[in-house]
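Colleague: Structure below; questions to follow.
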Amino acid sequence: MLFTTVMKSNKEFSRAYNKGRYCVSREVCVYYIRNSSPFNKLGITTSKKLGNAVQRNRARRIIRAAYRLSEEFIPIGFDMVVVARSGIIGKKSTDIERFFKGRLPDEIRRSENERAFKK
RNA sequence: CGAGUAAGCUAUGCGGUAGCUUAGCGGAUGUACGCUAAGAGGAAAGUCCGAGCAUCACAGAGCAGGAUAGCUGCUAACGGCAGCCGAGGGUGACCUCCGAGCCAGUGCAACAGAAAUAUACCGCCGCUUUUGCGGUAAGGGUGGAAAGGCGAGGUAAGAGCUCACCGGGUCGUCGGUGACGGCGACGCCAUGUAAACCUUAUCCGAUGCAACUCCAAUGGUAAGCGUUAAAAGUCAAUGGCUGCUCGUCAGACUUGCGCUUAUAGGAGGCUAAAGGCGUAUGGCAACAUACGCACAAGAUAGAUUACCGCACUCGACAAAACUCGGCUUAUAGGCUUAGUCGCACA
RNA sequence: GUGGGUAUAGCGUAGUUGGUUAACGCGUCAGUUUGUGGCACUGAAGACCGUGGGUUCGAAUCCCACUACCCACC
């Protein structure tokens, strides 16, 4: 992926959950927080609630594929944790791609603008 | 044609665009990048057994503890498999069985019932005479279980008391490697439970690839706490004072120092294996032997895909994590082979 | 990878050394009491003991397989 590395440590996940903002759709829930670096960090979480190993792996792959195809639309410089929700079962990657290209960047930009405006 | 039995195979297919992991080649020598090749199962699952492998322990033997339990074989081994024996089920093909030992000892068997391992309540018969004594397990009733069952003879009434058949036991003999079976004789003194303790026989050292080995480092790395009349720096970014700016306070990040805890990191182990397919030979079979032929997932936040199109019968259960042999459980369908039973026709 | 535990009335727990009808508290329902409600008192209902097999005359209990949940260690 172009501007993205993989998030590994538990600390970074905790930081995103506790300090970050989030944007929710029926399929996924995205936590994001600025990381003051010129690239993004992506972490994907699929819990046991989704189902068995096959369904969890499929969800993870779909999210990764959707992110890869919509990477240019997403602002750079964020830690992002994508949490799969139970609505992802049976969906295609294009459904999530639509969310990644449309609502998610808008939300991020709006929150940034709010902050700048506040400032 | 219908029903059912057993064994086995398969697990949507094809194309396009974009990508992932590993290996090789080119390029490069910190990489990126390009091309080529390969890339999840019958159960990969559950983790219920058995082994390999590794480390530690260990003179030998026994006790304790655990596991197994018809016999013979197969196997590296097994609690697995095959064949056979016995018992049970099915008209049959065939299927099911933790299937050693209560004649070593101990325990338990509620309620009911006269009585539960011992016995006479009712009844029957004889004697006595109105109450007893003796004989009797045929009948009644209770129970899961009551002197082996049933019929005949026999008798005062009865009883393996006697006999035929069946069931079980002991002994002998014959067959079989054996479990066991056939035949003959004797002759019914005695329940069930060992998935109750237990006895007998056989087997078992412990821990598990996060094992373990090597390299680097040991003034390191990671986490937490402290360092505040601020240890230093940065903040475009979070909050308060104020809606904004400045300022300031807190806070965040980086670096340094101190204390405590942990031993992280990289590489190997890691995949060609008691493996698969075919043919031949031996064996009823499990399986063995020989020859030939193909076949190369090896990740480490964890790859094997995403999207689109076409076809049809519209696609189940389900994802390797050191490896293998089994068992158990889940599973839409489709296909093949071999027996069986019923009906119809020739 | 390895090991252990739990499942019983709506809820929380007993019973787990086979034996008749599975016990207790809270809650629910009905009645008594009160002008009304609560408290109190009396009574009742409510369980195929997680699921499926097996052993036994008889299983919540013993054995086997499965399901769900929880915990521990490296």
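In the structure tokens, chains take letters A, B, ... by order of appearance, with residues numbered from 1 within each chain and ligands from 1 in the order shown.
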Using only C-alpha atoms (C1' of nucleotides), which protein or nucleic acid residues come within 12 Å of G10 in chain C? Drop anything in the same chain fewer than 6 positions from it, and give the result as a CSV table (one decimal) with all heavy atoms, in the first residue's frame.

Modeller:
chain,number,residue,atom,x,y,z
C,26,C,P,-37.9,-15.1,51.5
C,26,C,OP1,-38.2,-14.1,52.6
C,26,C,OP2,-38.8,-16.1,51.2
C,26,C,O5',-37.5,-14.3,50.2
C,26,C,C5',-36.6,-13.1,50.3
C,26,C,C4',-36.2,-12.7,48.9
C,26,C,O4',-35.5,-13.8,48.2
C,26,C,C3',-37.3,-12.3,48.0
C,26,C,O3',-37.9,-11.0,48.2
C,26,C,C2',-36.6,-12.4,46.6
C,26,C,O2',-35.8,-11.3,46.4
C,26,C,C1',-35.8,-13.6,46.8
C,26,C,N1,-36.5,-14.8,46.3
C,26,C,C2,-36.6,-15.0,44.9
C,26,C,O2,-36.1,-14.2,44.2
C,26,C,N3,-37.2,-16.1,44.5
C,26,C,C4,-37.7,-17.0,45.3
C,26,C,N4,-38.4,-18.1,44.9
C,26,C,C5,-37.7,-16.8,46.7
C,26,C,C6,-37.0,-15.7,47.2
C,27,G,P,-39.4,-10.7,48.0
C,27,G,OP1,-39.7,-9.3,48.3
C,27,G,OP2,-40.2,-11.7,48.8
C,27,G,O5',-39.7,-11.0,46.5
C,27,G,C5',-39.3,-10.1,45.5
C,27,G,C4',-39.4,-10.7,44.1
C,27,G,O4',-38.8,-12.0,44.1
C,27,G,C3',-40.8,-11.0,43.6
C,27,G,O3',-41.5,-9.8,43.2
C,27,G,C2',-40.6,-12.0,42.6
C,27,G,O2',-40.1,-11.4,41.4
C,27,G,C1',-39.4,-12.8,43.2
C,27,G,N9,-40.0,-14.0,43.9
C,27,G,C8,-39.8,-14.2,45.3
C,27,G,N7,-40.4,-15.4,45.7
C,27,G,C5,-40.9,-15.9,44.5
C,27,G,C6,-41.6,-17.1,44.3
C,27,G,O6,-42.0,-17.9,45.1
C,27,G,N1,-42.0,-17.3,42.9
C,27,G,C2,-41.7,-16.4,41.9
C,27,G,N2,-42.1,-16.7,40.7
C,27,G,N3,-41.0,-15.2,42.1
C,27,G,C4,-40.7,-15.1,43.4
C,28,U,P,-43.0,-9.7,43.4
C,28,U,OP1,-43.5,-8.4,42.8
C,28,U,OP2,-43.3,-9.9,44.8
C,28,U,O5',-43.7,-10.9,42.5
C,28,U,C5',-43.6,-10.8,41.1
C,28,U,C4',-44.4,-12.0,40.5
C,28,U,O4',-43.8,-13.2,40.9
C,28,U,C3',-45.8,-12.1,40.9
C,28,U,O3',-46.7,-11.2,40.2
C,28,U,C2',-46.1,-13.6,40.7
C,28,U,O2',-46.4,-13.8,39.3
C,28,U,C1',-44.8,-14.2,41.1
C,28,U,N1,-44.7,-14.7,42.5
C,28,U,C2,-45.4,-15.9,42.8
C,28,U,O2,-46.1,-16.5,42.0
C,28,U,N3,-45.3,-16.3,44.1
C,28,U,C4,-44.6,-15.7,45.1
C,28,U,O4,-44.6,-16.2,46.2
C,28,U,C5,-43.9,-14.5,44.6
C,28,U,C6,-44.0,-14.1,43.4
C,46,G,P,-47.3,-26.4,38.7
C,46,G,OP1,-47.8,-27.0,37.4
C,46,G,OP2,-47.0,-27.2,39.9
C,46,G,O5',-46.0,-25.5,38.3
C,46,G,C5',-46.1,-24.6,37.2
C,46,G,C4',-44.9,-23.7,37.3
C,46,G,O4',-44.9,-22.9,38.5
C,46,G,C3',-43.5,-24.4,37.3
C,46,G,O3',-43.1,-24.7,36.0
C,46,G,C2',-42.6,-23.3,37.9
C,46,G,O2',-42.2,-22.4,37.0
C,46,G,C1',-43.6,-22.7,38.9
C,46,G,N9,-43.4,-23.3,40.3
C,46,G,C8,-44.2,-24.4,40.8
C,46,G,N7,-43.8,-24.7,42.0
C,46,G,C5,-42.9,-23.8,42.3
C,46,G,C6,-42.1,-23.6,43.5
C,46,G,O6,-42.2,-24.2,44.6
C,46,G,N1,-41.2,-22.5,43.4
C,46,G,C2,-41.1,-21.7,42.3
C,46,G,N2,-40.1,-20.8,42.4
C,46,G,N3,-41.7,-21.9,41.2
C,46,G,C4,-42.6,-22.9,41.3
C,47,A,P,-42.8,-26.3,35.6
C,47,A,OP1,-42.7,-26.4,34.2
C,47,A,OP2,-43.7,-27.1,36.4
C,47,A,O5',-41.3,-26.4,36.2
C,47,A,C5',-40.3,-25.6,35.8
C,47,A,C4',-39.0,-26.3,35.7
C,47,A,O4',-38.4,-26.5,37.0
C,47,A,C3',-39.1,-27.7,35.0
C,47,A,O3',-38.0,-27.9,34.1
C,47,A,C2',-39.0,-28.7,36.2
C,47,A,O2',-38.5,-29.9,35.9
C,47,A,C1',-38.1,-27.9,37.1
C,47,A,N9,-38.3,-28.3,38.5
C,47,A,C8,-39.2,-29.1,39.1
C,47,A,N7,-39.1,-29.3,40.4
C,47,A,C5,-38.0,-28.4,40.7
C,47,A,C6,-37.4,-28.1,41.9
C,47,A,N6,-37.7,-28.7,43.1
C,47,A,N1,-36.3,-27.3,41.9
C,47,A,C2,-35.9,-26.8,40.7
C,47,A,N3,-36.5,-27.0,39.5
C,47,A,C4,-37.5,-27.8,39.6

Colleague: Pick out the residues sitting within 12 Å of Glu97 in chain A, and hand them over as a VMD selection string; count only C-alpha atoms (C1' of nucleotides), and ignore anything fewer than 2 positions along from it in its own chain.

Modeller: (chain A and resid 25 27 to 28 62 to 74 91 to 95 99 to 105) or (chain B and resid 306 to 307)

Colleague: Considering only C-alpha atoms (C1' of nucleotides), return as a PyMOL selection string whatever protein or nucleic-acid residues lie within 9 Å of range 42-58 of chain B, sequence-local ones (same chain, fewer than 5 positions apart) excluded.

Modeller: chain B and resi 11+76-80+205-209+211-212+274+317-320+322-330

Colleague: Please dump the current selection as a short mmCIF file (atom, residue, chain, number, x, y, z; two decimals), in the first residue's frame; keep C-alpha atoms (C1' of nucleotides).

Modeller:
data_model
loop_
_atom_site.label_atom_id
_atom_site.label_comp_id
_atom_site.auth_asym_id
_atom_site.auth_seq_id
_atom_site.Cartn_x
_atom_site.Cartn_y
_atom_site.Cartn_z
"C1'" A B 11 -16.56 -30.89 -2.80
"C1'" A B 76 6.57 -47.13 14.51
"C1'" A B 77 2.75 -47.04 18.21
"C1'" C B 78 -2.28 -46.79 19.86
"C1'" G B 79 -7.74 -46.65 23.66
"C1'" G B 80 -6.78 -47.57 16.21
"C1'" G B 205 9.66 -41.03 33.62
"C1'" A B 206 8.32 -35.49 33.04
"C1'" U B 207 7.51 -31.41 29.89
"C1'" G B 208 6.03 -29.71 25.29
"C1'" C B 209 8.13 -26.22 18.91
"C1'" A B 211 10.24 -27.50 23.27
"C1'" C B 212 15.14 -26.58 22.03
"C1'" A B 274 6.89 -44.65 9.35
"C1'" C B 317 -19.48 -27.79 6.65
"C1'" A B 318 -15.49 -25.10 7.20
"C1'" A B 319 -8.97 -21.88 7.24
"C1'" A B 320 -2.52 -24.88 7.94
"C1'" C B 322 6.47 -28.53 14.30
"C1'" U B 323 5.07 -33.26 11.73
"C1'" C B 324 2.51 -37.82 11.12
"C1'" G B 325 -1.22 -42.34 12.36
"C1'" G B 326 -6.14 -42.78 14.23
"C1'" C B 327 -10.83 -41.44 16.80
"C1'" U B 328 -14.94 -38.01 17.43
"C1'" U B 329 -18.05 -34.22 15.66
"C1'" A B 330 -20.12 -30.80 11.32
#

Colleague: Need the shell around A120 in chain B: protein/DNA/RNA residues with any atom at most 10 Å away, counting only C-alpha atoms (C1' of nucleotides). Skip same-chain ones fewer than 2 positions apart. Format as a list of chain:residue names?

Modeller: B:A114, B:A115, B:C122, B:U136, B:A137

Colleague: One decimal, Å: what's the distance from C1' of U238 in chain B over to C1' of C253 in chain B, could you say?

Modeller: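 Interatomic distance, C1' of U238 in chain B to C1' of C253 in chain B: 12.5 Å.
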
Colleague: Identify, on the basis of only C-alpha atoms (C1' of nucleotides), every residue whose closest approach to range 86-94 of chain B does not exceed 10 Å; exclude the query and any residue fewer than 4 positions from it along the same chain; express the result as JSON, numbers by chain.

Modeller: {"B": [4, 5, 6, 70, 99, 179, 180, 339, 340, 341]}

Colleague: Could you please take those selected residues and save C-alpha atoms (C1' of nucleotides) as a compact mmCIF listing (two decimals), in the first residue's frame?

Modeller:
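Everything below was put into out_29.txt:
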# COMPACT_ATOMS: atom_id res chain seq x y z
C1' G B 4 -32.98 -50.66 1.97
C1' U B 5 -27.38 -52.29 3.03
C1' A B 6 -22.08 -51.82 2.46
C1' G B 70 -13.16 -61.71 24.13
C1' G B 99 -17.31 -58.10 25.67
C1' A B 179 -11.38 -66.96 22.04
C1' C B 180 -14.52 -71.05 21.57
C1' G B 339 -24.77 -57.51 -2.36
C1' U B 340 -30.13 -57.92 -0.26
C1' C B 341 -35.58 -57.84 0.04

Colleague: When you draw a straight line from C1' of G268 in chain B to C1' of C215 in chain B, how long is it in Å?

Modeller: 10.2 Å

Colleague: Between CA of Asp106 in chain A and CA of Cys23 in chain A, what is the distance, to one decimal in Å?

Modeller: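 Separation of CA of Asp106 in chain A and CA of Cys23 in chain A: 10.2 Å.
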
Colleague: Given the choices C:U34, C:G19, C:G25, C:C39, which gets closest to C57 in chain C if the distance is worked out from only C-alpha atoms (C1' of nucleotides)?

Modeller: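 Of the candidates, the smallest distance to C57 in chain C is held by C:G19.
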
Colleague: Could you check which of C:G50, C:G38, C:G3, C:G15 is closest to C66 in chain C, using only C-alpha atoms (C1' of nucleotides)?

Modeller: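 Smallest separation from C66 in chain C among the options: C:G50.
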